[in-house]
$ cat query-v7.txt   # compact mmCIF, C-alpha atoms
# COMPACT_ATOMS: atom_id res chain seq x y z
CA MET L 1 16.02 -0.98 -13.04
CA SER L 2 17.94 -3.35 -15.30
CA LYS L 3 20.45 -5.83 -13.92
CA PRO L 4 23.48 -4.25 -15.68
CA LEU L 5 22.47 -0.83 -14.27
CA ILE L 6 22.25 -2.28 -10.74
CA GLY L 7 25.69 -3.81 -11.32
CA VAL L 8 27.13 -0.47 -12.49
CA ILE L 9 25.67 1.55 -9.60
CA LEU L 10 26.63 -0.96 -6.90
CA GLY L 11 30.05 -1.56 -8.46
CA ALA L 12 30.74 2.19 -8.66
CA VAL L 13 29.59 2.91 -5.08
CA LEU L 14 31.43 -0.02 -3.51
CA GLY L 15 34.48 0.65 -5.73
CA ALA L 16 34.56 4.29 -4.59
CA ILE L 17 34.26 3.25 -0.92
CA ASP L 18 36.99 0.70 -1.56
CA GLY L 19 39.25 3.42 -2.98
CA LEU L 20 38.47 5.91 -0.21
CA THR L 21 39.71 3.47 2.44
CA ALA L 22 43.21 4.04 1.03
CA TRP L 23 43.12 7.25 3.09
CA PHE L 24 43.81 5.10 6.15
CA THR L 25 47.09 3.96 4.60
CA PRO L 26 49.43 6.97 5.01
CA ALA L 27 51.92 5.63 2.46
CA VAL L 28 49.43 6.01 -0.41
CA ARG L 29 47.36 8.91 0.92
CA ASP L 30 48.85 11.38 -1.58
CA GLN L 31 47.61 9.17 -4.44
CA LEU L 32 44.07 8.97 -3.05
CA GLY L 33 42.39 10.68 -6.05
CA GLY L 34 43.88 8.27 -8.53
CA ILE L 35 43.11 5.28 -6.32
CA VAL L 36 39.43 6.31 -5.92
CA VAL L 37 39.01 6.88 -9.67
CA GLY L 38 40.79 3.60 -10.53
CA SER L 39 38.82 1.66 -7.92
CA THR L 40 35.52 3.17 -9.13
CA ILE L 41 36.32 2.28 -12.76
CA LYS L 42 37.26 -1.24 -11.63
CA GLY L 43 33.91 -1.47 -9.79
CA ILE L 44 32.01 -0.24 -12.85
CA ILE L 45 33.74 -2.75 -15.14
CA ALA L 46 33.00 -5.57 -12.68
CA GLY L 47 29.39 -4.33 -12.31
CA ILE L 48 28.80 -4.26 -16.08
CA ALA L 49 30.25 -7.74 -16.56
CA ILE L 50 28.36 -9.24 -13.61
CA GLY L 51 25.15 -7.38 -14.54
CA PHE L 52 25.17 -8.65 -18.13
CA PHE L 53 25.98 -12.15 -16.85
CA ALA L 54 22.92 -11.93 -14.54
CA LYS L 55 20.79 -10.81 -17.48
CA LYS L 56 21.74 -13.96 -19.39
CA PHE L 57 21.94 -16.54 -16.58
CA HIS L 58 19.39 -16.72 -13.81
CA SER L 59 21.09 -18.65 -11.04
CA LEU L 60 22.00 -17.21 -7.66
CA PRO L 61 24.96 -19.53 -6.89
CA ILE L 62 26.43 -19.23 -10.40
CA GLY L 63 25.89 -15.47 -10.37
CA ILE L 64 27.67 -15.15 -7.03
CA LEU L 65 30.50 -17.41 -8.23
CA PHE L 66 30.89 -15.34 -11.40
CA GLY L 67 30.93 -12.14 -9.30
CA VAL L 68 33.59 -13.56 -7.01
CA ILE L 69 35.78 -14.61 -9.97
CA ILE L 70 35.43 -11.25 -11.80
CA GLY L 71 35.96 -9.26 -8.58
CA ALA L 72 39.02 -11.27 -7.62
CA PHE L 73 40.45 -11.20 -11.14
CA LEU L 74 40.14 -7.42 -11.59
CA ALA L 75 41.47 -6.77 -8.07
CA PHE L 76 44.36 -9.12 -8.78
CA LEU L 77 45.23 -7.12 -11.91
CA VAL L 78 45.21 -3.90 -9.86
CA ALA L 79 47.40 -5.47 -7.16
CA LEU L 80 49.75 -6.71 -9.89
CA MET L 81 50.03 -3.17 -11.24
CA GLN L 82 50.63 -1.85 -7.72
CA GLY L 83 53.25 -4.54 -7.13
CA GLY L 84 51.93 -5.39 -3.67
CA TYR L 85 49.05 -5.06 -1.19
CA TYR L 86 47.56 -8.31 -2.56
CA LEU L 87 45.44 -9.08 0.51
CA GLU L 88 44.31 -5.46 0.93
CA ILE L 89 43.21 -5.22 -2.71
CA VAL L 90 42.15 -8.74 -3.73
CA LEU L 91 40.06 -9.59 -0.63
CA PRO L 92 37.81 -6.49 -0.76
CA GLY L 93 37.60 -6.73 -4.58
CA THR L 94 36.43 -10.34 -4.24
CA ILE L 95 33.76 -9.41 -1.69
CA VAL L 96 32.59 -6.50 -3.87
CA GLY L 97 32.22 -9.03 -6.73
CA LEU L 98 30.25 -11.33 -4.41
CA ILE L 99 27.90 -8.53 -3.36
CA VAL L 100 27.35 -7.34 -6.93
CA GLY L 101 26.85 -10.96 -8.08
CA PHE L 102 24.20 -11.50 -5.40
CA ALA L 103 22.46 -8.16 -5.98
CA THR L 104 22.25 -8.51 -9.76
CA GLN L 105 20.74 -11.99 -9.48
CA LYS L 106 18.28 -11.00 -6.78
CA TYR L 107 17.20 -7.56 -8.01
CA GLY L 108 16.54 -5.80 -11.28
CA LYS L 109 14.28 -6.57 -14.18
CA SER L 110 14.93 -9.61 -16.31
CA PRO L 111 14.35 -9.07 -20.03
CA ALA L 112 10.85 -10.04 -21.18
CA PRO L 113 10.76 -13.22 -23.29
CA ALA L 114 10.81 -12.44 -27.00
CA ASN L 115 7.56 -12.92 -28.94
CA SER L 116 7.69 -15.79 -31.35
CA MET O 117 -45.66 -55.95 23.28
CA LYS O 118 -42.02 -55.76 22.24
CA TRP O 119 -40.15 -52.61 23.25
CA LEU O 120 -37.48 -51.07 21.06
CA SER O 121 -34.08 -50.48 22.60
CA ASP O 122 -32.74 -46.92 22.90
CA GLY O 123 -30.13 -47.74 20.28
CA LYS O 124 -32.75 -48.89 17.75
CA LEU O 125 -34.92 -45.90 18.55
CA ASN O 126 -32.05 -43.51 17.94
CA HIS O 127 -31.23 -45.33 14.71
CA LEU O 128 -34.83 -44.94 13.53
CA ARG O 129 -34.78 -41.25 14.44
CA THR O 130 -31.63 -40.78 12.38
CA ILE O 131 -33.03 -42.67 9.39
CA VAL O 132 -36.19 -40.57 9.44
CA ASN O 133 -34.04 -37.40 9.32
CA ASP O 134 -31.77 -38.70 6.57
CA PRO O 135 -32.61 -37.56 3.06
CA ASP O 136 -34.09 -40.07 0.65
CA PHE O 137 -31.60 -40.35 -2.22
CA SER O 138 -33.30 -43.47 -3.66
CA SER O 139 -34.31 -41.85 -6.95
CA THR O 140 -30.90 -40.24 -7.50
CA LYS O 141 -27.48 -41.55 -8.44
CA TYR O 142 -26.20 -40.79 -4.92
CA THR O 143 -25.81 -43.07 -1.92
CA PHE O 144 -26.10 -41.41 1.45
CA ILE O 145 -23.04 -41.83 3.67
CA LYS O 146 -23.25 -39.35 6.54
CA GLU O 147 -24.17 -35.83 7.56
CA LEU O 148 -21.32 -33.31 7.24
CA GLY O 149 -22.87 -30.17 8.63
CA ARG O 150 -26.05 -28.24 9.17
CA GLY O 151 -26.53 -24.59 8.24
CA GLY O 152 -29.36 -22.11 8.39
CA MET O 153 -30.73 -22.99 4.98
CA GLY O 154 -29.61 -26.52 4.29
CA THR O 155 -27.80 -29.59 5.51
CA VAL O 156 -24.75 -30.92 3.75
CA TYR O 157 -24.33 -34.67 3.46
CA LEU O 158 -21.49 -36.83 2.26
CA ALA O 159 -22.68 -39.11 -0.52
CA GLU O 160 -21.27 -41.35 -3.15
CA ASP O 161 -21.91 -40.67 -6.81
CA ARG O 162 -22.52 -44.24 -8.04
CA GLU O 163 -22.13 -43.35 -11.73
CA LEU O 164 -18.81 -41.57 -11.45
CA ASN O 165 -17.70 -43.52 -8.38
CA ARG O 166 -16.65 -40.52 -6.37
CA LEU O 167 -17.56 -38.80 -3.13
CA VAL O 168 -19.60 -35.63 -3.32
CA ALA O 169 -21.10 -33.19 -0.85
CA VAL O 170 -24.86 -32.91 -1.30
CA LYS O 171 -26.70 -29.92 0.10
CA VAL O 172 -30.38 -30.50 0.88
CA LEU O 173 -32.87 -27.92 2.12
CA ASN O 174 -33.71 -27.96 5.82
CA ALA O 175 -37.24 -26.67 5.33
CA PRO O 176 -40.01 -29.08 6.45
CA GLU O 177 -42.28 -27.62 3.79
CA VAL O 178 -40.79 -26.86 0.41
CA THR O 179 -42.40 -23.68 -0.82
CA GLU O 180 -41.79 -22.47 -4.35
CA ASP O 181 -39.75 -19.55 -3.01
CA VAL O 182 -37.44 -21.84 -0.99
CA ARG O 183 -37.06 -24.16 -3.97
CA ARG O 184 -36.11 -21.24 -6.18
CA ARG O 185 -33.61 -19.97 -3.62
CA MET O 186 -31.87 -23.33 -3.51
CA ILE O 187 -31.74 -23.67 -7.29
CA ARG O 188 -30.54 -20.09 -7.53
CA GLU O 189 -27.69 -20.82 -5.10
CA ALA O 190 -26.63 -23.80 -7.21
CA GLN O 191 -26.81 -21.70 -10.36
CA ILE O 192 -24.75 -18.90 -8.84
CA ILE O 193 -21.98 -21.28 -7.78
CA ALA O 194 -22.11 -23.14 -11.08
CA GLY O 195 -21.64 -19.83 -12.90
CA LEU O 196 -18.54 -19.00 -10.89
CA GLU O 197 -15.85 -21.24 -12.29
CA HIS O 198 -12.81 -20.43 -10.20
CA PRO O 199 -10.30 -22.62 -8.31
CA GLY O 200 -11.32 -20.83 -5.10
CA ILE O 201 -15.03 -21.52 -5.45
CA VAL O 202 -16.39 -25.00 -4.83
CA PRO O 203 -17.78 -26.41 -8.11
CA VAL O 204 -21.37 -27.65 -8.41
CA HIS O 205 -21.80 -30.95 -10.27
CA ASP O 206 -25.53 -31.49 -10.27
CA VAL O 207 -28.88 -30.13 -9.12
CA GLY O 208 -32.13 -32.03 -8.66
CA THR O 209 -35.18 -32.88 -6.59
CA LEU O 210 -35.58 -35.72 -4.06
CA PRO O 211 -38.74 -37.92 -4.01
CA ASP O 212 -40.16 -35.82 -1.14
CA GLY O 213 -39.81 -32.65 -3.23
CA GLN O 214 -36.70 -31.33 -1.45
CA VAL O 215 -34.23 -29.62 -3.74
CA PHE O 216 -30.60 -30.68 -3.56
CA TYR O 217 -27.39 -29.91 -5.32
CA ALA O 218 -24.21 -31.94 -5.42
CA MET O 219 -20.84 -30.28 -5.23
CA LYS O 220 -17.20 -31.23 -4.88
CA PHE O 221 -16.45 -32.87 -1.56
CA VAL O 222 -13.52 -30.91 -0.12
CA ARG O 223 -11.20 -32.88 2.11
CA GLY O 224 -9.45 -30.61 4.55
CA SER O 225 -10.33 -28.25 7.33
CA ARG O 226 -12.29 -25.08 7.78
CA LEU O 227 -10.29 -21.84 8.01
CA ASP O 228 -10.94 -21.54 11.76
CA GLU O 229 -9.74 -25.11 12.31
CA TYR O 230 -6.74 -24.50 10.03
CA ALA O 231 -5.79 -21.41 12.06
CA ALA O 232 -6.17 -23.38 15.29
CA GLN O 233 -3.80 -26.05 13.96
CA GLY O 234 -0.93 -23.58 14.39
CA ALA O 235 -0.45 -22.35 10.82
CA SER O 236 2.11 -19.54 10.69
CA LEU O 237 0.90 -15.97 10.33
CA ARG O 238 2.46 -15.78 6.86
CA ASP O 239 0.60 -18.95 5.78
CA ARG O 240 -2.63 -17.61 7.18
CA MET O 241 -2.10 -14.38 5.26
CA ARG O 242 -1.44 -16.30 2.03
CA LYS O 243 -4.66 -18.27 2.48
CA PHE O 244 -6.49 -15.06 3.22
CA GLN O 245 -5.18 -13.54 0.00
CA ALA O 246 -6.51 -16.56 -1.91
CA VAL O 247 -9.92 -16.01 -0.29
CA CYS O 248 -9.82 -12.35 -1.39
CA ASP O 249 -9.01 -13.44 -4.95
CA ALA O 250 -11.94 -15.88 -5.06
CA VAL O 251 -14.31 -13.23 -3.67
CA ALA O 252 -12.91 -10.67 -6.15
CA PHE O 253 -13.70 -13.12 -8.96
CA ALA O 254 -17.28 -13.44 -7.73
CA HIS O 255 -17.56 -9.65 -7.49
CA ALA O 256 -16.30 -9.31 -11.05
CA HIS O 257 -19.24 -11.54 -12.04
CA GLY O 258 -21.68 -9.44 -10.04
CA VAL O 259 -22.05 -11.83 -7.10
CA ILE O 260 -21.73 -10.65 -3.49
CA HIS O 261 -21.34 -13.47 -0.96
CA ARG O 262 -22.79 -11.68 2.11
CA ASP O 263 -21.86 -14.42 4.59
CA LEU O 264 -18.07 -14.62 4.54
CA LYS O 265 -16.66 -16.09 7.74
CA PRO O 266 -13.95 -18.63 8.62
CA GLN O 267 -16.58 -21.39 8.87
CA ASN O 268 -17.48 -20.85 5.21
CA ILE O 269 -13.91 -21.17 3.96
CA MET O 270 -12.27 -24.55 3.47
CA ILE O 271 -8.57 -25.29 3.21
CA GLY O 272 -8.14 -28.44 1.16
CA SER O 273 -5.59 -31.13 1.93
CA PHE O 274 -3.28 -29.71 -0.75
CA GLY O 275 -3.56 -26.18 0.65
CA GLU O 276 -6.21 -25.07 -1.85
CA VAL O 277 -8.65 -22.46 -0.58
CA LEU O 278 -12.38 -22.76 -1.32
CA VAL O 279 -15.14 -20.33 -0.47
CA LEU O 280 -18.39 -22.16 0.37
CA ASP O 281 -21.99 -21.43 1.22
CA TRP O 282 -23.28 -18.97 -1.34
CA GLY O 283 -26.82 -19.47 -0.03
CA VAL O 284 -27.42 -15.80 0.77
CA ALA O 285 -25.39 -14.38 -2.11
CA LYS O 286 -26.73 -11.32 -3.86
CA VAL O 287 -26.56 -10.97 -7.63
CA ARG O 288 -26.08 -7.39 -8.69
CA PRO O 289 -28.55 -6.40 -11.39
CA GLN O 290 -26.01 -4.31 -13.37
CA MET O 291 -24.25 -7.37 -14.77
CA ASN O 292 -24.05 -7.53 -18.51
CA ALA O 293 -26.26 -9.88 -20.49
CA ASP O 294 -23.56 -12.49 -21.07
CA GLU O 295 -22.80 -12.77 -17.39
CA HIS O 296 -26.50 -13.06 -16.68
CA ARG O 297 -26.70 -15.90 -19.14
CA SER O 298 -23.67 -17.64 -17.67
CA ILE O 299 -25.04 -17.48 -14.18
CA ARG O 300 -28.53 -18.23 -15.47
CA VAL O 301 -30.32 -16.65 -12.62
CA HIS O 302 -33.94 -16.00 -13.27
CA ALA O 303 -34.63 -12.32 -13.91
CA ARG O 304 -37.33 -12.14 -11.29
CA GLN O 305 -34.94 -13.41 -8.66
CA SER O 306 -32.11 -11.03 -9.39
CA ALA O 307 -34.48 -8.09 -9.52
CA SER O 308 -35.79 -8.83 -6.05
CA ASN O 309 -32.30 -9.75 -4.80
CA GLN O 310 -34.01 -12.41 -2.72
CA THR O 311 -34.02 -10.23 0.37
CA MET O 312 -36.49 -7.57 1.30
CA ASP O 313 -35.27 -4.35 2.86
CA GLY O 314 -34.94 -4.71 6.62
CA THR O 315 -34.11 -8.41 6.51
CA VAL O 316 -30.82 -9.13 8.25
CA ILE O 317 -28.86 -11.98 6.74
CA GLY O 318 -25.33 -13.15 7.44
CA THR O 319 -23.35 -13.75 10.61
CA ARG O 320 -23.29 -10.94 13.17
CA ASP O 321 -19.54 -10.95 13.99
CA TYR O 322 -18.56 -10.80 10.33
CA MET O 323 -21.34 -8.59 9.05
CA SER O 324 -20.86 -5.04 7.77
CA PRO O 325 -22.77 -2.29 9.62
CA GLU O 326 -25.04 -1.64 6.61
CA GLN O 327 -25.83 -5.36 6.39
CA ALA O 328 -26.52 -5.52 10.13
CA ARG O 329 -28.96 -2.63 9.75
CA GLY O 330 -30.72 -4.53 7.00
CA GLU O 331 -30.04 -1.85 4.39
CA VAL O 332 -30.13 -4.26 1.47
CA ASP O 333 -29.92 -1.54 -1.18
CA ARG O 334 -26.65 -0.26 0.27
CA ILE O 335 -24.99 -3.66 0.24
CA ASP O 336 -22.33 -3.91 -2.42
CA GLU O 337 -18.84 -5.42 -2.79
CA ARG O 338 -17.65 -3.37 0.17
CA ALA O 339 -19.93 -5.35 2.50
CA ASP O 340 -17.87 -8.42 1.57
CA VAL O 341 -14.70 -6.34 2.02
CA TYR O 342 -15.84 -5.65 5.60
CA SER O 343 -16.44 -9.38 6.20
CA LEU O 344 -13.02 -10.14 4.72
CA GLY O 345 -11.55 -7.60 7.16
CA ALA O 346 -13.30 -9.43 10.01
CA VAL O 347 -11.89 -12.75 8.74
CA LEU O 348 -8.44 -11.12 8.64
CA HIS O 349 -8.98 -9.86 12.19
CA PHE O 350 -9.78 -13.42 13.24
CA LEU O 351 -6.68 -14.76 11.45
CA LEU O 352 -4.37 -12.14 12.96
CA ALA O 353 -5.59 -13.11 16.45
CA GLY O 354 -3.82 -10.15 18.04
CA GLN O 355 -0.60 -10.89 16.17
CA GLY O 356 0.67 -9.12 13.08
CA SER O 357 2.49 -5.90 12.36
CA LYS O 358 1.05 -2.38 12.52
CA THR O 359 0.67 -2.61 8.77
CA ALA O 360 -1.40 -5.81 8.93
CA LYS O 361 -3.61 -4.25 11.60
CA ALA O 362 -4.00 -1.10 9.45
CA ILE O 363 -5.16 -3.25 6.52
CA CYS O 364 -7.67 -4.91 8.81
CA LEU O 365 -8.93 -1.55 10.09
CA LYS O 366 -9.27 -0.13 6.58
CA ALA O 367 -11.22 -3.18 5.43
CA MET O 368 -13.47 -2.95 8.49
CA ALA O 369 -14.06 0.81 8.35
CA GLN O 370 -17.54 1.73 9.57
CA VAL O 371 -17.96 4.17 6.69
CA THR O 372 -18.28 2.25 3.43
CA GLU O 373 -16.32 4.83 1.44
CA SER O 374 -13.28 4.47 3.75
CA ARG O 375 -12.95 0.74 3.01
CA TYR O 376 -11.06 -0.84 0.15
CA ALA O 377 -13.16 -0.33 -2.95
CA SER O 378 -12.92 -4.00 -3.86
CA ALA O 379 -11.68 -7.39 -2.68
CA SER O 380 -8.97 -7.27 -5.35
CA GLU O 381 -7.68 -4.00 -3.88
CA LEU O 382 -7.56 -5.67 -0.46
CA SER O 383 -5.83 -8.71 -1.98
CA ALA O 384 -3.24 -6.42 -3.62
CA ASP O 385 -2.49 -4.77 -0.28
CA ILE O 386 -2.06 -8.18 1.38
CA GLY O 387 0.30 -9.10 -1.48
CA ARG O 388 2.30 -5.93 -0.88
CA LEU O 389 2.45 -6.73 2.84
CA LEU O 390 3.74 -10.24 2.11
CA ASP O 391 6.34 -8.81 -0.30
CA ALA O 392 7.43 -6.19 2.26
CA GLU O 393 6.23 -3.38 -0.02
CA PRO O 394 4.44 -0.24 1.24
CA VAL O 395 0.69 -0.78 1.62
CA LEU O 396 -2.22 1.58 0.87
CA ALA O 397 -3.64 1.29 4.37
CA TYR O 398 -0.62 2.55 6.26
CA ARG O 399 1.57 5.62 5.79
CA GLU O 400 4.93 4.71 7.23
CA ASN O 401 7.58 7.11 8.56
CA THR O 402 11.20 7.17 7.35
CA PHE O 403 12.44 4.88 10.11
CA GLU O 404 9.73 2.29 9.32
CA ARG O 405 10.52 2.56 5.60
CA VAL O 406 14.23 1.95 6.25
CA SER O 407 13.46 -0.94 8.64
CA ARG O 408 11.18 -2.52 6.07
CA TRP O 409 13.83 -2.18 3.36
CA VAL O 410 16.51 -3.65 5.64
CA GLY O 411 14.16 -6.49 6.61
CA LYS O 412 13.40 -7.21 2.97
CA ASN O 413 17.06 -7.05 1.87
CA ARG O 414 18.52 -8.65 4.96
CA PHE O 415 21.09 -10.73 3.10
CA LEU O 416 22.38 -7.84 0.99
CA VAL O 417 22.65 -5.61 4.07
CA LEU O 418 24.55 -8.37 5.90
CA LEU O 419 26.93 -8.73 2.94
CA ILE O 420 27.63 -4.98 2.84
CA LEU O 421 28.12 -4.93 6.62
CA ALA O 422 30.52 -7.87 6.34
CA TYR O 423 32.39 -6.00 3.62
CA LEU O 424 32.66 -2.86 5.75
CA LEU O 425 33.78 -4.87 8.79
CA MET O 426 36.41 -6.58 6.67
CA ARG O 427 37.54 -3.16 5.41
CA ILE O 428 37.89 -1.84 8.97
CA PHE O 429 39.75 -5.00 9.95
CA LEU O 430 42.19 -4.56 7.03
CA ILE O 431 42.74 -0.88 7.85
CA PHE O 432 43.84 -1.68 11.40
CA THR O 433 45.82 -4.82 10.64
CA SER O 434 47.75 -3.42 7.66
CA ARG O 435 48.97 -0.33 9.53
CA PRO O 436 52.78 -0.30 9.96

$ encode --input "query-v7.txt" --output "structure tokens"
Amino acid sequence: MSKPLIGVILGAVLGAIDGLTAWFTPAVRDQLGGIVVGSTIKGIIAGIAIGFFAKKFHSLPIGILFGVIIGAFLAFLVALMQGGYYLEIVLPGTIVGLIVGFATQKYGKSPAPANS
Amino acid sequence: MKWLSDGKLNHLRTIVNDPDFSSTKYTFIKELGRGGMGTVYLAEDRELNRLVAVKVLNAPEVTEDVRRRMIREAQIIAGLEHPGIVPVHDVGTLPDGQVFYAMKFVRGSRLDEYAAQGASLRDRMRKFQAVCDAVAFAHAHGVIHRDLKPQNIMIGSFGEVLVLDWGVAKVRPQMNADEHRSIRVHARQSASNQTMDGTVIGTRDYMSPEQARGEVDRIDERADVYSLGAVLHFLLAGQGSKTAKAICLKAMAQVTESRYASASELSADIGRLLDAEPVLAYRENTFERVSRWVGKNRFLVLLILAYLLMRIFLIFTSRP
């Protein structure tokens, strides 16, 4: 499995779980469908970016750092659009970025070196 | 009459037993070890100014057959150029007619000593895998060791693994012509395989059943696989997972066909065990498969658990 694909799958799964937890917040429960879809798309975008980064740069700490930054940034944008819930959105988004950053560095096939 | 002291007498006895290296480029230093066929001495190569291990025949009378055996052993090892097989530098004859060959002097400890020094199970398994790779290389060149045991495996001071004592090795006649040439074993010797049917050679505790029965014709690579299994059994010393024990049992199967087909197959299974991958020798259930996956991906699992815990924490703390 390629690194971007691992990023997409993990980002989508964790993003969907992230969105589903909105069910526990009664105030937004009626918007659950939209939240899950939005959160999954956010996870997929983060996964693609982190996965392609991992394909280019092979460094666990830098990969994790990049994941954290992307996760936090995308979650921050979502929180900005929501106009609140910064901690509830940015903190999990950051950790999802960290997990995807770690997983894409650790797992998945690196591209074979090109023949000269 | 002047009597010799016990000390002088012992010294004379030792000198008489020491090999006469006077016509060679080697200077005798000390005896390193004595085996069934020969004695290994530490000597100095005066030309290249380095220490070497010199193996000299034990036989009081050097028959042509014994001479040929010794030269054949040197030729077999010389033909096997591999980092896991001790290289032979020179072969020759001493003034008294004894055949000798000089090989690399390996500083380090024998596998049994290494294991006794408290090496971790993982380290022992890694060394064992290196032994399997060296034996697989020999098999690929048509050579079967037939006396694999911890005492014949050295761990060098830099962790390198070397398989020694190829004195009873068997050269399979189906090798191709090039390999025959590279090993340069005389055709008559390889045809007879040096051992007549019914002759038991090797070390009992590490010997395959077919070898113990003296069935020379039935001895192939899988006899070495059995011995490797016995070495693994020694290294596990009652420790090790079910999977490691299953590998050991498969390698030591009484029925030849039930063993690993080759040392490289055994080595691959050890590699899979070290990488926490499923092994050929053991069919695991779902719970074991999940446990192995969790064990292998411990950090990722911890991260996901931490994420879920954080999620639960946020759910309860953000409630109005």

$ atom_distance --input "query-v7.txt" --atom1 "atom CA of O:Asp281" --atom2 "atom CA of O:Ala362"
28.4 Å

$ closest_residue --input "query-v7.txt" --among "O:Leu365, O:Ala285, O:Val168, O:Val247" --to "O:Ala190" --atoms "only C-alpha atoms"
O:Ala285

$ closest_atom_pairs --input "query-v7.txt" --of "chain L" --to "chain O" --cutoff "12 Å" --atoms "only C-alpha atoms" --output "tab-separated table"
residue	atom	partner	partner_atom	distance
L:Leu10	CA	O:Ile420	CA	10.6
L:Val13	CA	O:Ile420	CA	11.3
L:Leu14	CA	O:Ile420	CA	8.9
L:Gly15	CA	O:Tyr423	CA	11.7
L:Ile17	CA	O:Leu424	CA	9.2
L:Asp18	CA	O:Arg427	CA	8.0
L:Gly19	CA	O:Arg427	CA	10.8
L:Leu20	CA	O:Arg427	CA	10.7
L:Thr21	CA	O:Ile431	CA	7.6
L:Ala22	CA	O:Ile431	CA	8.4
L:Trp23	CA	O:Ile431	CA	9.4
L:Phe24	CA	O:Ile431	CA	6.3
L:Thr25	CA	O:Arg435	CA	6.8
L:Pro26	CA	O:Arg435	CA	8.6
L:Ala27	CA	O:Pro436	CA	9.6
L:Val28	CA	O:Arg435	CA	11.8
L:Ile64	CA	O:Leu419	CA	11.9
L:Tyr85	CA	O:Ser434	CA	9.1
L:Tyr86	CA	O:Ser434	CA	11.3
L:Leu87	CA	O:Leu430	CA	8.6
L:Glu88	CA	O:Leu430	CA	6.5
L:Ile89	CA	O:Leu430	CA	9.8
L:Val90	CA	O:Leu430	CA	11.5
L:Leu91	CA	O:Met426	CA	8.7
L:Pro92	CA	O:Tyr423	CA	7.0
L:Gly93	CA	O:Tyr423	CA	9.7
L:Thr94	CA	O:Tyr423	CA	9.8
L:Ile95	CA	O:Tyr423	CA	6.5
L:Val96	CA	O:Tyr423	CA	7.5
L:Gly97	CA	O:Tyr423	CA	10.8
L:Leu98	CA	O:Leu419	CA	8.5
L:Ile99	CA	O:Leu419	CA	6.4
L:Val100	CA	O:Leu416	CA	9.4
L:Gly101	CA	O:Leu416	CA	10.6
L:Phe102	CA	O:Leu416	CA	7.6
L:Ala103	CA	O:Leu416	CA	7.0
L:Thr104	CA	O:Leu416	CA	10.8
L:Gln105	CA	O:Leu416	CA	11.4
L:Lys106	CA	O:Leu416	CA	9.3
L:Tyr107	CA	O:Asn413	CA	9.9

$ residues_around --input "query-v7.txt" --residues "O:Ala379" --least-positions-apart "2" --cutoff "9 Å" --atoms "only C-alpha atoms" --output "number ranges by chain"
O: 248-253, 255, 337-338, 340-341, 344, 376-377, 381-384

$ write_last_selection --input "query-v7.txt" --atoms "C-alpha atoms" --output "PDB file, in the frame of the given file"
ATOM      1  CA  CYS O 248      -9.820 -12.350  -1.390  1.00  0.00           C
ATOM      2  CA  ASP O 249      -9.010 -13.440  -4.950  1.00  0.00           C
ATOM      3  CA  ALA O 250     -11.940 -15.880  -5.060  1.00  0.00           C
ATOM      4  CA  VAL O 251     -14.310 -13.230  -3.670  1.00  0.00           C
ATOM      5  CA  ALA O 252     -12.910 -10.670  -6.150  1.00  0.00           C
ATOM      6  CA  PHE O 253     -13.700 -13.120  -8.960  1.00  0.00           C
ATOM      7  CA  HIS O 255     -17.560  -9.650  -7.490  1.00  0.00           C
ATOM      8  CA  GLU O 337     -18.840  -5.420  -2.790  1.00  0.00           C
ATOM      9  CA  ARG O 338     -17.650  -3.370   0.170  1.00  0.00           C
ATOM     10  CA  ASP O 340     -17.870  -8.420   1.570  1.00  0.00           C
ATOM     11  CA  VAL O 341     -14.700  -6.340   2.020  1.00  0.00           C
ATOM     12  CA  LEU O 344     -13.020 -10.140   4.720  1.00  0.00           C
ATOM     13  CA  TYR O 376     -11.060  -0.840   0.150  1.00  0.00           C
ATOM     14  CA  ALA O 377     -13.160  -0.330  -2.950  1.00  0.00           C
ATOM     15  CA  GLU O 381      -7.680  -4.000  -3.880  1.00  0.00           C
ATOM     16  CA  LEU O 382      -7.560  -5.670  -0.460  1.00  0.00           C
ATOM     17  CA  SER O 383      -5.830  -8.710  -1.980  1.00  0.00           C
ATOM     18  CA  ALA O 384      -3.240  -6.420  -3.620  1.00  0.00           C
TER      19      ALA O 384
END

$ closest_residue --input "query-v7.txt" --among "O:Gln267, O:Gln327, O:Asn401, O:Ser357" --to "O:Leu237" --atoms "only C-alpha atoms"
O:Ser357

$ closest_residue --input "query-v7.txt" --among "L:Gly47, L:Ser39, L:Ala72, L:Leu32" --to "L:Ile9" --atoms "all atoms listed in the file"
L:Gly47

$ closest_residue --input "query-v7.txt" --among "L:Met1, L:Gly7, L:Gln31, L:Gln82" --to "L:Gly63" --atoms "only C-alpha atoms"
L:Gly7

$ atom_distance --input "query-v7.txt" --atom1 "atom CA of L:Ala12" --atom2 "atom CA of O:Thr402"
25.7 Å

$ axis_aligned_box --input "query-v7.txt" --around "stretch 89-98 of chain L" --padding-each-side "4 Å" --output "lines of an AutoDock Vina configuration file"
center_x = 36.7
center_y = -8.3
center_z = -3.7
size_x = 21.0
size_y = 14.1
size_z = 14.1

$ closest_residue --input "query-v7.txt" --among "O:Val410, O:Met241, O:Val332, O:Leu280" --to "O:Gly345" --atoms "all atoms listed in the file"
O:Met241

$ atom_distance --input "query-v7.txt" --atom1 "atom CA of O:Ser139" --atom2 "atom CA of O:Pro211"
6.6 Å

$ closest_residue --input "query-v7.txt" --among "L:Gly38, L:Pro61, L:Gly51, L:Gly67" --to "L:Ala79" --atoms "all atoms listed in the file"
L:Gly38
